[in-house]
>>> print(open('upload.cif').read())   # mmCIF, C-alpha atoms and all ligand atoms
data_my_file
loop_
_atom_site.label_atom_id
_atom_site.label_comp_id
_atom_site.auth_asym_id
_atom_site.auth_seq_id
_atom_site.Cartn_x
_atom_site.Cartn_y
_atom_site.Cartn_z
CA LEU A 22 79.21 106.27 68.67
CA ASN A 23 76.03 108.29 68.49
CA GLU A 24 72.56 106.92 69.20
CA ILE A 25 71.98 105.84 65.63
CA GLU A 26 75.27 104.04 65.06
CA ARG A 27 75.36 102.25 68.41
CA PRO A 28 74.19 98.66 67.99
CA ARG A 29 71.07 98.07 70.06
CA GLY A 30 72.35 95.98 72.95
CA TYR A 31 70.78 95.19 76.27
CA THR A 32 70.70 97.80 79.02
CA VAL A 33 71.77 95.99 82.15
CA SER A 34 71.47 97.41 85.67
CA TYR A 35 73.24 96.08 88.74
CA HIS A 36 71.66 96.64 92.14
CA PHE A 37 73.73 96.27 95.26
CA ASN A 38 74.12 97.87 98.66
CA PRO A 39 77.51 97.06 100.21
CA GLU A 40 75.99 97.23 103.69
CA VAL A 41 74.66 93.65 103.28
CA GLU A 42 78.14 92.21 103.53
CA GLY A 43 78.51 93.13 107.19
CA HIS A 44 75.72 90.76 108.26
CA HIS A 45 76.34 87.34 109.75
CA PHE A 46 73.87 84.52 110.39
CA GLY A 47 76.33 83.06 112.90
CA LYS A 48 79.81 81.65 112.71
CA LEU A 49 78.92 78.12 111.59
CA HIS A 50 75.78 78.92 109.60
CA PRO A 51 76.21 77.98 105.91
CA MET A 52 74.69 81.23 104.61
CA LYS A 53 77.51 83.79 104.31
CA PRO A 54 76.50 87.27 103.05
CA TRP A 55 80.24 87.81 102.59
CA ARG A 56 80.01 85.78 99.31
CA LEU A 57 78.22 88.84 97.89
CA THR A 58 81.28 91.02 98.48
CA LEU A 59 83.46 88.44 96.78
CA THR A 60 81.06 88.46 93.81
CA LYS A 61 81.08 92.25 93.52
CA GLN A 62 84.90 92.33 93.77
CA LEU A 63 85.26 89.81 90.97
CA VAL A 64 82.72 91.63 88.78
CA MET A 65 84.72 94.84 89.21
CA SER A 66 88.09 93.14 88.69
CA TYR A 67 86.89 92.08 85.25
CA GLY A 68 85.64 95.62 84.60
CA LEU A 69 82.06 94.46 84.04
CA HIS A 70 80.71 97.47 85.93
CA PHE A 71 81.70 99.62 82.93
CA ALA A 72 79.13 97.78 80.84
CA MET A 73 76.20 98.28 83.25
CA ASP A 74 74.28 100.94 85.13
CA ASN A 75 75.28 100.54 88.76
CA TYR A 76 72.98 101.49 91.62
CA VAL A 77 73.49 101.52 95.36
CA SER A 78 70.03 100.29 96.22
CA LEU A 79 67.78 101.76 98.90
CA LYS A 80 66.36 99.74 101.77
CA ALA A 81 62.87 98.34 101.33
CA THR A 82 60.32 99.70 103.78
CA LYS A 83 57.80 97.77 105.84
CA GLU A 84 55.18 99.10 103.39
CA ASP A 85 57.09 97.58 100.46
CA MET A 86 57.12 94.21 102.22
CA ALA A 87 53.49 94.40 103.35
CA VAL A 88 52.26 93.89 99.79
CA PHE A 89 52.91 90.22 100.54
CA HIS A 90 53.80 89.67 104.21
CA ASP A 91 51.49 89.87 107.21
CA ARG A 92 51.76 92.97 109.39
CA ASP A 93 52.29 91.08 112.65
CA TYR A 94 55.06 89.01 111.08
CA LEU A 95 56.81 92.20 109.86
CA GLU A 96 56.36 93.83 113.28
CA PHE A 97 58.11 90.88 114.87
CA LEU A 98 60.85 90.79 112.22
CA SER A 99 61.58 94.48 112.69
CA LYS A 100 61.79 94.43 116.49
CA ILE A 101 63.39 91.08 117.34
CA THR A 102 67.07 91.18 118.41
CA PRO A 103 69.39 88.67 120.07
CA GLU A 104 68.89 90.67 123.30
CA ASN A 105 65.08 90.69 123.48
CA ILE A 106 64.54 87.22 122.03
CA THR A 107 63.46 85.61 125.35
CA THR A 108 60.60 88.12 125.60
CA TYR A 109 59.15 86.81 122.34
CA GLU A 110 59.52 83.05 122.69
CA VAL A 111 56.01 82.28 121.43
CA ASP A 112 56.35 84.43 118.28
CA HIS A 113 59.86 83.11 117.70
CA GLU A 114 58.43 79.60 117.46
CA ARG A 115 55.24 80.62 115.63
CA PHE A 116 57.18 82.44 112.91
CA ASN A 117 59.57 79.49 112.48
CA PHE A 118 62.76 81.11 113.72
CA GLY A 119 65.50 78.78 114.94
CA GLU A 120 68.66 77.15 113.60
CA ASP A 121 67.93 77.66 109.89
CA CYS A 122 66.53 81.16 110.41
CA PRO A 123 68.35 82.61 113.42
CA VAL A 124 67.83 86.02 114.96
CA PHE A 125 71.10 87.90 114.46
CA ASP A 126 72.28 91.45 114.94
CA GLY A 127 71.02 93.66 112.11
CA LEU A 128 68.50 91.09 110.84
CA TRP A 129 65.91 93.72 109.89
CA ASP A 130 68.56 95.80 108.11
CA TYR A 131 69.71 92.76 106.20
CA CYS A 132 66.15 91.95 105.07
CA SER A 133 65.48 95.58 104.08
CA LEU A 134 68.73 95.68 102.11
CA TYR A 135 68.28 92.58 99.99
CA SER A 136 64.59 93.28 99.44
CA GLY A 137 65.30 96.90 98.63
CA ALA A 138 67.72 95.90 95.89
CA THR A 139 65.05 93.68 94.33
CA VAL A 140 62.40 96.40 94.56
CA ASP A 141 64.79 98.91 92.91
CA ALA A 142 65.72 96.39 90.22
CA VAL A 143 62.13 95.62 89.30
CA ARG A 144 61.28 99.34 89.07
CA LYS A 145 64.08 99.77 86.48
CA LEU A 146 62.36 97.08 84.42
CA THR A 147 58.84 98.43 84.74
CA ASN A 148 59.88 101.97 83.78
CA SER A 149 61.89 100.54 80.84
CA GLN A 150 65.22 101.94 82.00
CA SER A 151 66.69 98.43 82.01
CA ASP A 152 66.21 95.33 79.89
CA ILE A 153 67.94 93.13 82.45
CA ALA A 154 68.18 94.04 86.15
CA ILE A 155 70.46 92.05 88.46
CA ASN A 156 70.36 91.63 92.26
CA TRP A 157 72.65 88.87 93.49
CA THR A 158 71.70 89.61 97.11
CA GLY A 159 68.06 88.60 96.52
CA GLY A 160 66.30 85.41 95.47
CA LEU A 161 65.19 84.23 98.90
CA HIS A 162 62.51 81.88 97.69
CA HIS A 163 61.44 79.98 100.86
CA ALA A 164 59.98 82.87 102.91
CA LYS A 165 56.21 82.64 103.45
CA LYS A 166 53.54 85.28 104.11
CA ARG A 167 53.86 84.88 107.88
CA GLU A 168 56.85 82.57 108.30
CA ALA A 169 60.60 82.50 107.90
CA SER A 170 61.97 79.36 106.25
CA GLY A 171 65.25 77.94 104.95
CA PHE A 172 67.51 81.00 105.54
CA CYS A 173 64.81 83.29 104.05
CA TYR A 174 62.82 85.91 106.00
CA VAL A 175 61.32 88.23 103.40
CA ASN A 176 60.36 86.85 100.00
CA ASP A 177 61.80 89.51 97.71
CA ILE A 178 60.88 87.42 94.66
CA VAL A 179 57.19 87.56 95.52
CA LEU A 180 57.45 91.33 96.03
CA ALA A 181 59.01 91.64 92.57
CA ILE A 182 56.41 89.49 90.82
CA ILE A 183 53.55 91.41 92.46
CA GLU A 184 55.07 94.63 91.10
CA LEU A 185 55.56 93.15 87.62
CA LEU A 186 51.89 92.07 87.58
CA ARG A 187 50.89 95.74 87.75
CA PHE A 188 52.37 96.19 84.27
CA HIS A 189 52.37 92.78 82.65
CA PRO A 190 49.56 90.26 82.13
CA ARG A 191 51.71 87.16 82.66
CA VAL A 192 55.00 86.62 84.52
CA LEU A 193 57.17 83.51 84.32
CA TYR A 194 59.25 82.52 87.34
CA ILE A 195 62.17 80.11 86.84
CA ASP A 196 64.16 78.72 89.77
CA ILE A 197 67.47 76.88 89.26
CA ASP A 198 68.52 76.84 92.92
CA VAL A 199 69.08 73.22 94.04
CA HIS A 200 66.15 73.64 96.48
CA HIS A 201 62.46 73.77 95.58
CA GLY A 202 61.12 77.34 95.20
CA ASP A 203 58.22 76.60 97.53
CA GLY A 204 57.53 80.11 98.86
CA VAL A 205 57.08 81.61 95.40
CA GLU A 206 55.04 78.65 94.16
CA GLN A 207 52.72 78.90 97.17
CA ALA A 208 52.29 82.69 96.93
CA PHE A 209 50.96 82.43 93.36
CA GLN A 210 49.27 79.05 93.52
CA SER A 211 45.81 80.50 92.87
CA THR A 212 46.48 82.68 89.84
CA ASN A 213 46.95 81.86 86.17
CA ARG A 214 48.96 85.06 85.64
CA VAL A 215 52.13 83.59 87.14
CA MET A 216 53.72 80.32 86.11
CA THR A 217 56.40 78.98 88.45
CA VAL A 218 58.97 76.41 87.30
CA SER A 219 61.50 74.97 89.74
CA PHE A 220 64.32 72.54 89.03
CA HIS A 221 65.54 70.96 92.27
CA LYS A 222 66.83 67.95 94.09
CA TYR A 223 63.78 66.05 95.35
CA GLU A 224 63.99 63.49 98.13
CA PRO A 225 61.08 64.19 100.50
CA ALA A 226 62.44 62.79 103.76
CA ASN A 227 66.06 63.83 103.28
CA PHE A 228 66.30 67.05 101.37
CA PHE A 229 64.81 70.44 102.22
CA PRO A 230 62.00 71.49 101.83
CA GLY A 231 60.60 68.11 100.69
CA THR A 232 57.99 69.54 98.29
CA GLY A 233 58.09 69.89 94.49
CA ALA A 234 57.05 66.50 93.10
CA ALA A 235 56.38 66.29 89.36
CA ASP A 236 52.62 65.93 89.92
CA GLU A 237 52.45 69.05 92.11
CA THR A 238 51.06 71.37 89.42
CA GLY A 239 48.73 73.67 91.37
CA PRO A 240 45.44 73.47 93.29
CA ASN A 241 42.05 73.00 91.67
CA ASN A 242 41.38 76.69 90.94
CA ALA A 243 42.63 79.36 88.50
CA GLY A 244 46.21 78.36 89.35
CA LYS A 245 45.71 74.79 88.21
CA HIS A 246 48.55 73.63 85.88
CA HIS A 247 50.54 76.79 86.64
CA SER A 248 53.13 75.27 89.01
CA LEU A 249 55.69 73.15 87.24
CA ASN A 250 58.22 71.05 89.10
CA VAL A 251 61.25 69.21 87.80
CA PRO A 252 62.35 66.84 90.58
CA LEU A 253 65.95 65.66 90.18
CA LYS A 254 68.25 63.21 91.94
CA ASP A 255 71.94 63.45 92.83
CA GLY A 256 74.75 64.20 90.39
CA ILE A 257 72.98 65.64 87.32
CA ASP A 258 75.61 66.80 84.81
CA ASP A 259 75.93 69.78 82.44
CA ASP A 260 74.63 68.14 79.25
CA GLN A 261 71.62 66.59 80.98
CA TYR A 262 70.68 69.84 82.71
CA ILE A 263 71.01 71.90 79.53
CA TYR A 264 68.89 69.37 77.63
CA LEU A 265 66.15 69.49 80.29
CA PHE A 266 66.23 73.25 80.70
CA ASP A 267 66.00 74.05 76.98
CA GLU A 268 63.29 71.49 76.28
CA ILE A 269 61.18 72.49 79.27
CA ILE A 270 61.61 76.26 79.29
CA GLY A 271 61.25 76.42 75.48
CA ARG A 272 57.88 74.68 75.73
CA VAL A 273 56.79 76.75 78.75
CA ILE A 274 57.48 80.04 76.97
CA ALA A 275 55.70 78.92 73.80
CA SER A 276 52.57 77.88 75.74
CA PHE A 277 52.40 80.45 78.55
CA ARG A 278 53.66 83.46 76.51
CA PRO A 279 55.02 85.48 79.47
CA ALA A 280 55.54 89.26 79.19
CA ALA A 281 58.36 89.28 81.77
CA ILE A 282 60.64 86.70 83.38
CA VAL A 283 62.17 86.38 86.84
CA LEU A 284 65.13 83.98 87.06
CA GLN A 285 66.37 82.82 90.46
CA CYS A 286 69.99 81.69 89.95
CA GLY A 287 70.80 79.90 93.23
CA ALA A 288 74.45 78.83 93.01
CA ASP A 289 73.98 75.75 95.21
CA SER A 290 73.11 73.72 92.08
CA LEU A 291 76.85 73.82 91.19
CA GLY A 292 79.07 70.81 91.79
CA GLY A 293 81.16 71.21 94.94
CA ASP A 294 78.51 73.16 96.84
CA ARG A 295 78.48 72.62 100.61
CA LEU A 296 74.73 71.81 100.64
CA GLY A 297 73.91 70.91 97.02
CA LYS A 298 74.15 67.47 95.41
CA PHE A 299 74.45 68.23 91.69
CA ASN A 300 77.54 68.15 89.46
CA LEU A 301 76.83 71.26 87.40
CA ASN A 302 79.64 73.41 86.21
CA ILE A 303 79.45 77.16 85.65
CA ARG A 304 78.99 76.77 81.90
CA ALA A 305 75.68 74.90 82.20
CA HIS A 306 74.31 77.20 84.90
CA GLY A 307 75.25 80.24 82.79
CA HIS A 308 73.66 78.63 79.74
CA CYS A 309 70.29 78.94 81.50
CA VAL A 310 70.82 82.69 81.87
CA GLU A 311 71.82 82.96 78.20
CA PHE A 312 68.76 80.97 77.07
CA VAL A 313 66.38 83.15 79.09
CA LYS A 314 68.11 86.37 77.99
CA ARG A 315 67.64 85.39 74.33
CA GLN A 316 63.84 85.53 74.78
CA GLY A 317 64.19 89.32 74.74
CA LEU A 318 61.68 89.92 77.54
CA PRO A 319 62.16 92.19 80.58
CA LEU A 320 64.33 90.05 82.84
CA LEU A 321 64.97 90.15 86.57
CA ILE A 322 68.03 88.14 87.62
CA LEU A 323 68.31 87.17 91.29
CA GLY A 324 70.72 85.17 93.44
CA GLY A 325 69.63 82.64 96.07
CA GLY A 326 71.54 79.77 97.67
CA GLY A 327 75.24 79.10 97.18
CA TYR A 328 77.43 77.82 100.00
CA THR A 329 80.93 77.49 98.56
CA ALA A 330 81.76 81.19 98.33
CA ARG A 331 84.53 81.10 95.69
CA ASN A 332 82.23 79.21 93.31
CA VAL A 333 79.31 81.53 94.00
CA ALA A 334 81.46 84.51 93.03
CA ARG A 335 82.80 82.82 89.87
CA LEU A 336 79.30 81.81 88.81
CA TRP A 337 77.54 85.11 89.39
CA CYS A 338 80.43 87.03 87.81
CA HIS A 339 80.16 84.82 84.72
CA GLU A 340 76.38 85.29 84.63
CA THR A 341 76.81 89.06 84.92
CA ALA A 342 79.11 88.78 81.89
CA VAL A 343 76.46 86.75 80.03
CA CYS A 344 73.93 89.52 80.71
CA VAL A 345 76.15 92.28 79.33
CA GLY A 346 77.34 90.06 76.47
CA ALA A 347 81.02 89.82 77.49
CA ASN A 348 83.39 86.85 77.51
CA LEU A 349 85.64 86.51 80.54
CA ASN A 350 89.31 85.63 80.26
CA ASP A 351 89.78 82.07 81.51
CA GLU A 352 92.38 83.12 84.06
CA LEU A 353 91.23 85.09 87.07
CA PRO A 354 92.64 88.63 87.04
CA GLN A 355 95.96 88.91 88.93
CA HIS A 356 94.84 91.78 91.07
CA ILE A 357 91.64 90.79 92.79
CA PRO A 358 91.01 91.61 96.40
CA TYR A 359 90.82 88.32 98.34
CA ARG A 360 92.56 86.43 95.49
CA GLN A 361 93.70 83.81 97.99
CA ARG A 362 90.03 82.97 98.66
CA PHE A 363 89.82 81.47 95.19
CA GLU A 364 92.84 79.28 95.71
CA GLY A 365 90.89 76.42 97.27
CA ALA A 366 90.11 75.49 93.69
CA LYS A 367 93.28 74.08 92.24
CA ASN A 368 93.75 71.23 89.82
CA GLY A 369 96.28 68.39 90.08
CA ASN A 370 99.18 70.60 88.97
CA GLY A 371 98.60 73.08 91.76
CA LYS A 372 97.23 75.55 89.22
CA MET A 373 94.05 77.47 89.83
CA TYR A 374 91.07 76.31 87.86
CA PRO A 375 89.92 78.55 85.01
CA VAL A 376 87.12 80.89 86.00
CA LEU A 377 84.39 78.70 84.56
CA ASP A 378 85.54 75.50 86.21
CA THR A 379 84.64 74.68 89.81
CA GLY A 380 86.65 71.48 89.47
CA SER A 381 84.14 69.19 91.14
CA THR A 382 82.14 66.13 90.09
CA ARG A 383 81.89 64.40 93.43
CA HIS A 384 78.34 63.03 93.25
CA GLU A 385 77.33 59.83 91.49
CA ASN A 386 75.00 60.65 88.56
CA GLU A 387 71.62 58.98 89.19
CA HIS A 388 69.89 60.16 85.97
CA ASP A 389 69.42 58.37 82.67
CA LEU A 390 67.82 59.54 79.42
CA ASP A 391 64.52 57.75 80.15
CA TYR A 392 64.16 59.66 83.39
CA LEU A 393 64.92 63.01 81.75
CA ASN A 394 62.43 62.29 78.96
CA SER A 395 59.75 61.34 81.47
CA LEU A 396 60.18 64.75 83.11
CA ILE A 397 59.83 66.53 79.75
CA LYS A 398 56.77 64.44 78.89
CA ASN A 399 55.20 65.30 82.22
CA VAL A 400 55.66 69.05 81.63
CA THR A 401 54.41 68.78 78.05
CA GLU A 402 51.22 67.08 79.23
CA THR A 403 50.59 69.74 81.88
CA LEU A 404 51.12 72.51 79.31
CA ARG A 405 48.49 70.97 77.01
CA TYR A 406 45.85 72.17 79.50
CA LEU A 407 46.89 75.76 78.75
CA GLU A 408 45.83 75.51 75.11
CA PHE A 409 42.41 76.95 74.48
O1 LIG A 501 67.15 70.66 106.17
C1 LIG A 501 66.77 71.61 106.82
C2 LIG A 501 65.94 71.46 108.11
C3 LIG A 501 66.53 70.84 109.23
C4 LIG A 501 66.26 71.34 110.61
C5 LIG A 501 67.30 72.42 111.02
N1 LIG A 501 68.67 71.87 110.93
C6 LIG A 501 69.65 72.90 111.27
C7 LIG A 501 68.95 71.36 109.57
C8 LIG A 501 67.94 70.28 109.16
C9 LIG A 501 65.46 70.17 108.54
N2 LIG A 501 67.05 72.87 106.42
C10 LIG A 501 67.87 73.15 105.28
C11 LIG A 501 67.52 74.53 104.76
C12 LIG A 501 68.15 74.82 103.44
C13 LIG A 501 67.82 76.22 102.98
C14 LIG A 501 68.31 76.50 101.58
C15 LIG A 501 68.07 77.94 101.19
C16 LIG A 501 68.17 78.22 99.70
O2 LIG A 501 69.46 77.89 99.21
O3 LIG A 501 67.26 77.46 98.95
C17 LIG A 501 67.87 79.69 99.37
C18 LIG A 501 68.74 80.69 100.02
C19 LIG A 501 69.29 73.06 105.68
N3 LIG A 501 70.22 72.42 104.97
C20 LIG A 501 71.40 72.58 105.66
C21 LIG A 501 71.11 73.32 106.79
N4 LIG A 501 69.80 73.60 106.77
C22 LIG A 501 72.05 73.73 107.82
C23 LIG A 501 71.69 74.75 108.68
C24 LIG A 501 72.55 75.16 109.70
C25 LIG A 501 73.82 74.55 109.82
C26 LIG A 501 74.16 73.50 108.94
C27 LIG A 501 73.27 73.11 107.95
C28 LIG A 501 72.22 76.19 110.59
C29 LIG A 501 73.13 76.56 111.56
C30 LIG A 501 74.36 75.92 111.63
N5 LIG A 501 74.68 74.93 110.77
C31 LIG A 501 75.35 76.33 112.69
CA CA A 502 64.91 75.27 92.37
ZN ZN A 503 69.12 76.50 97.78
#
>>> encode(input="upload.cif", output="structure tokens", more="lines below")
Ligand code: VJV
Ligand code: CA
Ligand code: ZN
Amino acid sequence: LNEIERPRGYTVSYHFNPEVEGHHFGKLHPMKPWRLTLTKQLVMSYGLHFAMDNYVSLKATKEDMAVFHDRDYLEFLSKITPENITTYEVDHERFNFGEDCPVFDGLWDYCSLYSGATVDAVRKLTNSQSDIAINWTGGLHHAKKREASGFCYVNDIVLAIIELLRFHPRVLYIDIDVHHGDGVEQAFQSTNRVMTVSFHKYEPANFFPGTGAADETGPNNAGKHHSLNVPLKDGIDDDQYIYLFDEIIGRVIASFRPAAIVLQCGADSLGGDRLGKFNLNIRAHGHCVEFVKRQGLPLLILGGGGYTARNVARLWCHETAVCVGANLNDELPQHIPYRQRFEGAKNGNGKMYPVLDTGSTRHENEHDLDYLNSLIKNVTETLRYLEF
């Protein structure tokens, strides 16, 4: 087809550097960069790479990261190794390194790689070469200006939003990871040009990071009413989540009128996740991507959490398909590298679950319609302050 006959679809770009997969947080640490290889393999087994522009992303530089992070934090991050760690005990503590955020071999490389993919992705959006840019290796929403937190060292999302703000008056950030997107919320708490919305499990004493209550809507300055939080309990199901997401995000977009959207797609909100407590299936999670895509705004799609690797790969492969507008065959392709790694998910007949089914509803559902409606009402009331 020539230019004129070709139906105007979305240009999707996929940003990945296979060097990330060689990095390990430690044998027993829940964060496994290897899940990213599994994702890429599945994407290619379905042939989705033929429908996208594929880029081997460059590493981010210290300069790229310094638009948000403190210099002395970046100096430490770039020089610390498992060998010299005892020399820097004070900084190690001060910058919040430890069990959640260990120092491992190649840490700086790892941070440069996932941040670099986000920086490349956002540049494709700002120069209009892509409508949707995807980086499943990014989305590390807990990192602070001068502090590592919750498996995150460099906040690639903040770097992306800062870049988008050079071209767009207002940017909407949506976070469907099971954890609160505290680092992004905090970074933009004093501006009315970024609205952050996080859906997460909220149980202050028992679930990380403990912030993100419904009444946490921003400090008393320009950023007031520009942080929205949707605190959830255990076991939320597909229909409830879709209802909440559409009602809330629909209202947010109508009131805030963003010019670009960043969507953090943490896969730990799926049922069967090692750390998460929800019962979502891939369909509902992917629905969020579809809903946001339909807004027709420049869209940056990022990964995040996700601790049951086979489900992470299924989810992010499906969401890649949603972005390019393809439907996946229900059966996983016969010839996928690591096919046996998907075989943990079998139903009662010893058959593998279809690609969109994680096969898990293990948490008791603690939500009722009154609770969901109270969350929507809360958001609606906050958004009324934006009308002028
Ligand atoms: O709950 C916490 C903090 C503690 C102190 C540190 N210990 C290890 C755990 C409890 C209070 N941290 C959370 C951090 C979750 C980060 C989520 C990141 C994202 O998905 O939002 C975005 C990428 C937490 N939950 C579970 C663990 N940490 C955990 C850490 C380990 C571990 C087992 C569980 C670290 C090392 C090892 N096992 C060997
Ligand atoms: Ca979240
Ligand atoms: Zn998470």
>>> residues_around(input="upload.cif", residues="Gly346 of chain A", least_positions_apart="4", cutoff="10 Å", atoms="all atoms listed in the file", output="list in words")
Gly30, Tyr31, Val33, Leu69, Ala72, Glu311, Glu340, Thr341 and Ala342 of chain A
>>> residues_near_ligand(input="upload.cif", ligand="ligand LIG 501 (chain A)", cutoff="9 Å", atoms="only C-alpha atoms and all ligand atoms", output="MDAnalysis selection string")
chainID A and resid 46:52 119:123 159:163 170:173 198:202 227:231 287:289 295:297 324:328
>>> closest_residue(input="upload.cif", among="A:Leu318, A:Ile195, A:Val343, A:Leu336", to="ligand CA 502 (chain A)", atoms="only C-alpha atoms and all ligand atoms")
A:Ile195
>>> atom_distance(input="upload.cif", atom1="atom CA of Trp157 of chain A", atom2="atom CA of Leu323 of chain A")
5.2 Å
>>> residues_near_point(input="upload.cif", point="(53.2, 75.4, 74.6)", cutoff="12 Å", atoms="all atoms listed in the file", output="number ranges by chain")
A: 268-279, 400-409
>>> residues_near_point(input="upload.cif", point="(51.3, 79.2, 90.6)", cutoff="9 Å", atoms="all atoms listed in the file", output="PyMOL selection string")
chain A and resi 205-218+238-240+243-249
>>> closest_residue(input="upload.cif", among="A:His189, A:Arg167, A:His44, A:Lys398", to="Ala235 of chain A", atoms="only C-alpha atoms")
A:Lys398
>>> atom_distance(input="upload.cif", atom1="atom CA of Ile155 of chain A", atom2="atom CA of Ala87 of chain A")
22.7 Å
>>> closest_residue(input="upload.cif", among="A:Thr382, A:Asn332, A:Asn394, A:Thr139", to="Asn176 of chain A", atoms="all atoms listed in the file")
A:Thr139
